[in-house]
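So the structure is just underneath, and the comments pick up after that.
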Amino acid sequence: MKYSIGLITGAVIVLLIISMSLLGFIWTPHNYNAIDYSIRLLPPDANHLLGTDNLGRDIFSRIMIGGRNSLFLAICTVVGAVIIGAFFGLLAGYIGGITGEIIMRLIDTISSFPGIVIALFIVAILDNSQFSIFIALLILFIPGFTRIIRTGALKYKSSEFVQAEKVLGAGFFRITFIHILPNLTPSLLSASVIGLSNAILAESAMSYLGMGIQPPHPSWGRMLFEAQGWFFNAPWYAITPGIFIMLTVLAFHLLGEGLRRLGKV
């Protein structure tokens, strides 16, 4: 089995970023919220590997905690979207008829609105909490996974093994969840990994606009927003979260594309 360079590169970077973020649960070089004006805007050195911000907080420690927050939110979003999308996609693809039409028209309606409009609406109704961000992202990601599952269900509903199960008296849940859904695992896995990159990018964008994770909890997007006024005085402050956002999104995308191509071999 041949593994592409993109797949290996993406997997290594993803593993490193996840390891760094998980390490934040038990250890960080410094207290990520400790303010010390005497060391504000320090460049990277042996004590502060990525320097300090405008409040004297250690940037590397905040990157670790921010990555943990972003990854947790992205994983919850994708898992929720896969579960809900799988249910509605199987209904729309396997049962079809008026049920399928209603589901797909709802999906088309959601997709017709710009993501930022939906996010603003959800945050306005709820508040700027992680739960409201999760709901906003979940609504944005459900249509994509619903379409993927529906396409697979339409492909396999007339296959011989499904017809054989029908003859044996198998019902909707057995046919769809035991026989059809497992056959969609390769495409669903690659789509989920790419979905993680999109979810991290969306969360970072929302945090940058002030609709995402709120202080004192760090977020890469929020850090980028806070650093923009100090770009010329302390470029490491703004560049660091930007690089981590770019690397993480790129790594998950490479990993997802690699898995997708691997599934076609």
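How things are named: the first chain in the structure tokens is A, the next is B, and so on; residues count from 1 in each chain; ligands count from 1 in the order shown.
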
I want to know what sits within 10 Å of region 229-245 of chain A, based on only C-alpha atoms, with residues of the same chain fewer than 4 positions away left out; could you give that as a PDB file with N, CA and C atoms, in the first residue's frame?
```pdb
ATOM      1  N   ILE A  17       0.765  18.704  16.469  1.00  0.00           N
ATOM      2  CA  ILE A  17      -0.127  19.753  16.975  1.00  0.00           C
ATOM      3  C   ILE A  17      -1.087  19.195  18.025  1.00  0.00           C
ATOM      4  N   ARG A  40       6.489  42.563  28.822  1.00  0.00           N
ATOM      5  CA  ARG A  40       5.591  42.657  27.668  1.00  0.00           C
ATOM      6  C   ARG A  40       6.373  42.818  26.366  1.00  0.00           C
ATOM      7  N   LEU A  41       5.871  42.128  25.335  1.00  0.00           N
ATOM      8  CA  LEU A  41       6.429  42.199  23.980  1.00  0.00           C
ATOM      9  C   LEU A  41       7.906  41.796  23.909  1.00  0.00           C
ATOM     10  N   LEU A  42       8.267  40.801  24.711  1.00  0.00           N
ATOM     11  CA  LEU A  42       9.622  40.269  24.627  1.00  0.00           C
ATOM     12  C   LEU A  42       9.744  39.394  23.382  1.00  0.00           C
ATOM     13  N   PRO A  43      10.847  39.472  22.658  1.00  0.00           N
ATOM     14  CA  PRO A  43      11.052  38.574  21.517  1.00  0.00           C
ATOM     15  C   PRO A  43      11.316  37.152  22.005  1.00  0.00           C
ATOM     16  N   PRO A  44      11.222  36.171  21.133  1.00  0.00           N
ATOM     17  CA  PRO A  44      11.489  34.778  21.542  1.00  0.00           C
ATOM     18  C   PRO A  44      12.880  34.615  22.146  1.00  0.00           C
ATOM     19  N   LEU A  50       8.330  31.583  22.194  1.00  0.00           N
ATOM     20  CA  LEU A  50       7.676  32.354  21.134  1.00  0.00           C
ATOM     21  C   LEU A  50       7.465  33.810  21.545  1.00  0.00           C
ATOM     22  N   GLY A  51       8.130  34.240  22.584  1.00  0.00           N
ATOM     23  CA  GLY A  51       8.005  35.615  23.043  1.00  0.00           C
ATOM     24  C   GLY A  51       6.797  35.826  23.941  1.00  0.00           C
ATOM     25  N   THR A  52       6.518  37.085  24.238  1.00  0.00           N
ATOM     26  CA  THR A  52       5.367  37.439  25.067  1.00  0.00           C
ATOM     27  C   THR A  52       4.487  38.443  24.332  1.00  0.00           C
ATOM     28  N   ASP A  53       3.237  38.580  24.786  1.00  0.00           N
ATOM     29  CA  ASP A  53       2.306  39.482  24.119  1.00  0.00           C
ATOM     30  C   ASP A  53       2.309  40.856  24.786  1.00  0.00           C
ATOM     31  N   ASN A  54       1.335  41.678  24.438  1.00  0.00           N
ATOM     32  CA  ASN A  54       1.306  43.051  24.951  1.00  0.00           C
ATOM     33  C   ASN A  54       0.956  43.147  26.430  1.00  0.00           C
ATOM     34  N   ILE A  59       3.415  33.540  24.929  1.00  0.00           N
ATOM     35  CA  ILE A  59       2.673  33.219  23.707  1.00  0.00           C
ATOM     36  C   ILE A  59       2.605  31.714  23.480  1.00  0.00           C
ATOM     37  N   PHE A  60       3.702  31.003  23.732  1.00  0.00           N
ATOM     38  CA  PHE A  60       3.695  29.556  23.498  1.00  0.00           C
ATOM     39  C   PHE A  60       2.668  28.854  24.383  1.00  0.00           C
ATOM     40  N   ARG A  62      -0.056  30.141  25.541  1.00  0.00           N
ATOM     41  CA  ARG A  62      -1.385  30.486  25.020  1.00  0.00           C
ATOM     42  C   ARG A  62      -1.674  29.759  23.703  1.00  0.00           C
ATOM     43  N   ILE A  63      -0.638  29.517  22.911  1.00  0.00           N
ATOM     44  CA  ILE A  63      -0.804  28.733  21.685  1.00  0.00           C
ATOM     45  C   ILE A  63      -1.233  27.306  22.024  1.00  0.00           C
ATOM     46  N   GLY A  66      -4.823  27.541  23.308  1.00  0.00           N
ATOM     47  CA  GLY A  66      -5.680  27.921  22.189  1.00  0.00           C
ATOM     48  C   GLY A  66      -5.883  26.782  21.219  1.00  0.00           C
ATOM     49  N   GLY A  67      -4.828  26.004  20.958  1.00  0.00           N
ATOM     50  CA  GLY A  67      -4.958  24.834  20.091  1.00  0.00           C
ATOM     51  C   GLY A  67      -5.879  23.794  20.688  1.00  0.00           C
ATOM     52  N   SER A  70      -9.472  25.094  20.193  1.00  0.00           N
ATOM     53  CA  SER A  70      -9.888  25.042  18.793  1.00  0.00           C
ATOM     54  C   SER A  70     -10.109  23.606  18.330  1.00  0.00           C
ATOM     55  N   SER A 197     -10.247  20.621   9.324  1.00  0.00           N
ATOM     56  CA  SER A 197      -9.477  21.802   8.896  1.00  0.00           C
ATOM     57  C   SER A 197     -10.405  22.986   8.658  1.00  0.00           C
ATOM     58  N   ILE A 200     -11.680  24.338  12.086  1.00  0.00           N
ATOM     59  CA  ILE A 200     -10.659  25.137  12.779  1.00  0.00           C
ATOM     60  C   ILE A 200     -10.543  26.508  12.128  1.00  0.00           C
ATOM     61  N   LEU A 201     -10.563  26.537  10.801  1.00  0.00           N
ATOM     62  CA  LEU A 201     -10.481  27.817  10.096  1.00  0.00           C
ATOM     63  C   LEU A 201     -11.708  28.674  10.387  1.00  0.00           C
ATOM     64  N   SER A 204     -11.495  30.001  13.959  1.00  0.00           N
ATOM     65  CA  SER A 204     -10.491  31.063  14.026  1.00  0.00           C
ATOM     66  C   SER A 204     -11.035  32.364  13.447  1.00  0.00           C
ATOM     67  N   SER A 219      -7.608  31.780  22.081  1.00  0.00           N
ATOM     68  CA  SER A 219      -7.949  31.181  20.796  1.00  0.00           C
ATOM     69  C   SER A 219      -7.006  31.751  19.760  1.00  0.00           C
ATOM     70  N   TRP A 220      -6.592  30.920  18.814  1.00  0.00           N
ATOM     71  CA  TRP A 220      -5.651  31.398  17.806  1.00  0.00           C
ATOM     72  C   TRP A 220      -6.205  32.587  17.034  1.00  0.00           C
ATOM     73  N   GLY A 221      -7.477  32.545  16.688  1.00  0.00           N
ATOM     74  CA  GLY A 221      -8.083  33.654  15.960  1.00  0.00           C
ATOM     75  C   GLY A 221      -8.131  34.923  16.799  1.00  0.00           C
ATOM     76  N   ARG A 222      -8.466  34.774  18.071  1.00  0.00           N
ATOM     77  CA  ARG A 222      -8.510  35.925  18.973  1.00  0.00           C
ATOM     78  C   ARG A 222      -7.117  36.499  19.184  1.00  0.00           C
ATOM     79  N   MET A 223      -6.118  35.627  19.298  1.00  0.00           N
ATOM     80  CA  MET A 223      -4.738  36.078  19.457  1.00  0.00           C
ATOM     81  C   MET A 223      -4.296  36.875  18.228  1.00  0.00           C
ATOM     82  N   LEU A 224      -4.713  36.419  17.065  1.00  0.00           N
ATOM     83  CA  LEU A 224      -4.365  37.132  15.830  1.00  0.00           C
ATOM     84  C   LEU A 224      -4.992  38.516  15.809  1.00  0.00           C
ATOM     85  N   PHE A 225      -6.228  38.609  16.278  1.00  0.00           N
ATOM     86  CA  PHE A 225      -6.914  39.904  16.343  1.00  0.00           C
ATOM     87  C   PHE A 225      -6.213  40.842  17.329  1.00  0.00           C
ATOM     88  N   VAL A 249      -4.555  23.908   9.469  1.00  0.00           N
ATOM     89  CA  VAL A 249      -5.516  23.761   8.371  1.00  0.00           C
ATOM     90  C   VAL A 249      -4.882  22.996   7.221  1.00  0.00           C
ATOM     91  N   LEU A 250      -3.650  23.348   6.859  1.00  0.00           N
ATOM     92  CA  LEU A 250      -2.956  22.669   5.762  1.00  0.00           C
ATOM     93  C   LEU A 250      -2.716  21.196   6.087  1.00  0.00           C
ATOM     94  N   ALA A 251      -2.314  20.905   7.326  1.00  0.00           N
ATOM     95  CA  ALA A 251      -2.016  19.529   7.710  1.00  0.00           C
ATOM     96  C   ALA A 251      -3.268  18.648   7.648  1.00  0.00           C
TER      97      ALA A 251
END
```

Point to revise | Near-region 206-215 of chain A list (12 Å; only C-alpha atoms; drop same-chain fewer than 6 positions) as a PyMOL selection string | key: chain A and resi 32-33+62+65-70+72-73+115-124+126-137+199-200+221-228+241-242+245

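With only C-alpha atoms as the basis for measurement, A:Met64 is the residue among A:Met246, A:Met64, A:Ile139, A:Ala34 that approaches Ser21 (chain A) most closely.
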
| message | as a list of chain:residue names, please: the residues near Ile102 (chain A) (cut-off 12 Å, only C-alpha atoms, same-chain neighbours under 4 positions excluded). | response | A:Phe88, A:Gly89, A:Leu91, A:Ala92, A:Gly93, A:Ile95, A:Gly96, A:Gly97, A:Ile98, A:Leu106, A:Ile107, A:Asp108, A:Thr109

Residues from the last selection, C-alpha atoms, saved as a PDB file, in the first residue's frame:
```pdb
ATOM      1  CA  PHE A  88     -30.691  12.723   7.409  1.00  0.00           C
ATOM      2  CA  GLY A  89     -28.530  11.616   4.478  1.00  0.00           C
ATOM      3  CA  LEU A  91     -33.252   9.059   5.114  1.00  0.00           C
ATOM      4  CA  ALA A  92     -32.996  11.244   2.013  1.00  0.00           C
ATOM      5  CA  GLY A  93     -31.012   8.720  -0.031  1.00  0.00           C
ATOM      6  CA  ILE A  95     -36.135   6.287   1.606  1.00  0.00           C
ATOM      7  CA  GLY A  96     -36.256   9.169  -0.871  1.00  0.00           C
ATOM      8  CA  GLY A  97     -39.670  10.339  -2.023  1.00  0.00           C
ATOM      9  CA  ILE A  98     -41.288  13.278  -0.264  1.00  0.00           C
ATOM     10  CA  LEU A 106     -33.974  22.225   4.007  1.00  0.00           C
ATOM     11  CA  ILE A 107     -30.313  21.470   3.356  1.00  0.00           C
ATOM     12  CA  ASP A 108     -30.341  23.695   0.258  1.00  0.00           C
ATOM     13  CA  THR A 109     -31.981  26.483   2.270  1.00  0.00           C
TER      14      THR A 109
END
```

message = I need the residues of region 65-261 of chain A that end up classed as helix (DSSP H, G or I) by DSSP on the backbone, written out as a ChimeraX atom specification.
response = /A:65-95,97-112,115-125,130-156,160-167,172-183,185-208,220-230,235-261

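Considering only C-alpha atoms, the residue among A:Leu71, A:Asp36, A:Phe252, A:Asp45 positioned nearest to Leu22 (chain A) is A:Leu71.
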
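The protein and nucleic acid residues lying at most 10 Å from Ile8 (chain A) are Tyr3, Ile13, Val14, Ala251, Leu254, Leu255 and Gly258 of chain A, with only C-alpha atoms considered and sequence neighbours fewer than 5 positions away removed.
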
Ala11 (chain A) proximity check over A:Ala202, A:Val193, A:Ala164, A:Ile103, using only C-alpha atoms: winner is A:Val193

Considering only C-alpha atoms, give me a table of residues in region 131-160 of chain A that are at most 9 Å from region 166-186 of chain A, with the closest atom pair and distance in Å for each, as a tab-separated table.
```
residue	atom	partner	partner_atom	distance
A:Ile148	CA	A:Leu184	CA	8.7
A:Ile149	CA	A:Leu184	CA	7.4
A:Gly152	CA	A:Leu184	CA	6.4
A:Ala153	CA	A:Ile180	CA	6.5
A:Tyr156	CA	A:Ile180	CA	6.5
A:Lys157	CA	A:Ile180	CA	7.7
```

Next, write the just-selected residues to a file, as an mmCIF file, in the first residue's frame, keeping N, CA and C atoms as the atom set.
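The new file part.cif reads:
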```cif
data_model
loop_
_atom_site.group_PDB
_atom_site.id
_atom_site.type_symbol
_atom_site.label_atom_id
_atom_site.label_comp_id
_atom_site.auth_asym_id
_atom_site.auth_seq_id
_atom_site.Cartn_x
_atom_site.Cartn_y
_atom_site.Cartn_z
ATOM 1 N N ILE A 148 -23.019 13.990 1.305
ATOM 2 C CA ILE A 148 -22.092 12.870 1.111
ATOM 3 C C ILE A 148 -22.790 11.536 1.397
ATOM 4 N N ILE A 149 -23.506 11.479 2.513
ATOM 5 C CA ILE A 149 -24.192 10.245 2.898
ATOM 6 C C ILE A 149 -25.337 9.942 1.931
ATOM 7 N N GLY A 152 -23.989 8.393 -1.234
ATOM 8 C CA GLY A 152 -23.615 6.998 -1.021
ATOM 9 C C GLY A 152 -24.826 6.089 -0.881
ATOM 10 N N ALA A 153 -25.852 6.572 -0.195
ATOM 11 C CA ALA A 153 -27.065 5.767 -0.027
ATOM 12 C C ALA A 153 -27.743 5.516 -1.366
ATOM 13 N N TYR A 156 -25.798 2.733 -3.217
ATOM 14 C CA TYR A 156 -25.852 1.350 -2.727
ATOM 15 C C TYR A 156 -27.265 0.803 -2.527
ATOM 16 N N LYS A 157 -28.288 1.647 -2.574
ATOM 17 C CA LYS A 157 -29.644 1.175 -2.270
ATOM 18 C C LYS A 157 -30.147 0.106 -3.246
#
```

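In terms of minimum interatomic distance to Gly100 (chain A), A:Arg150 ranks closest within A:Arg150, A:Arg57, A:His30, A:His217, counting only C-alpha atoms.
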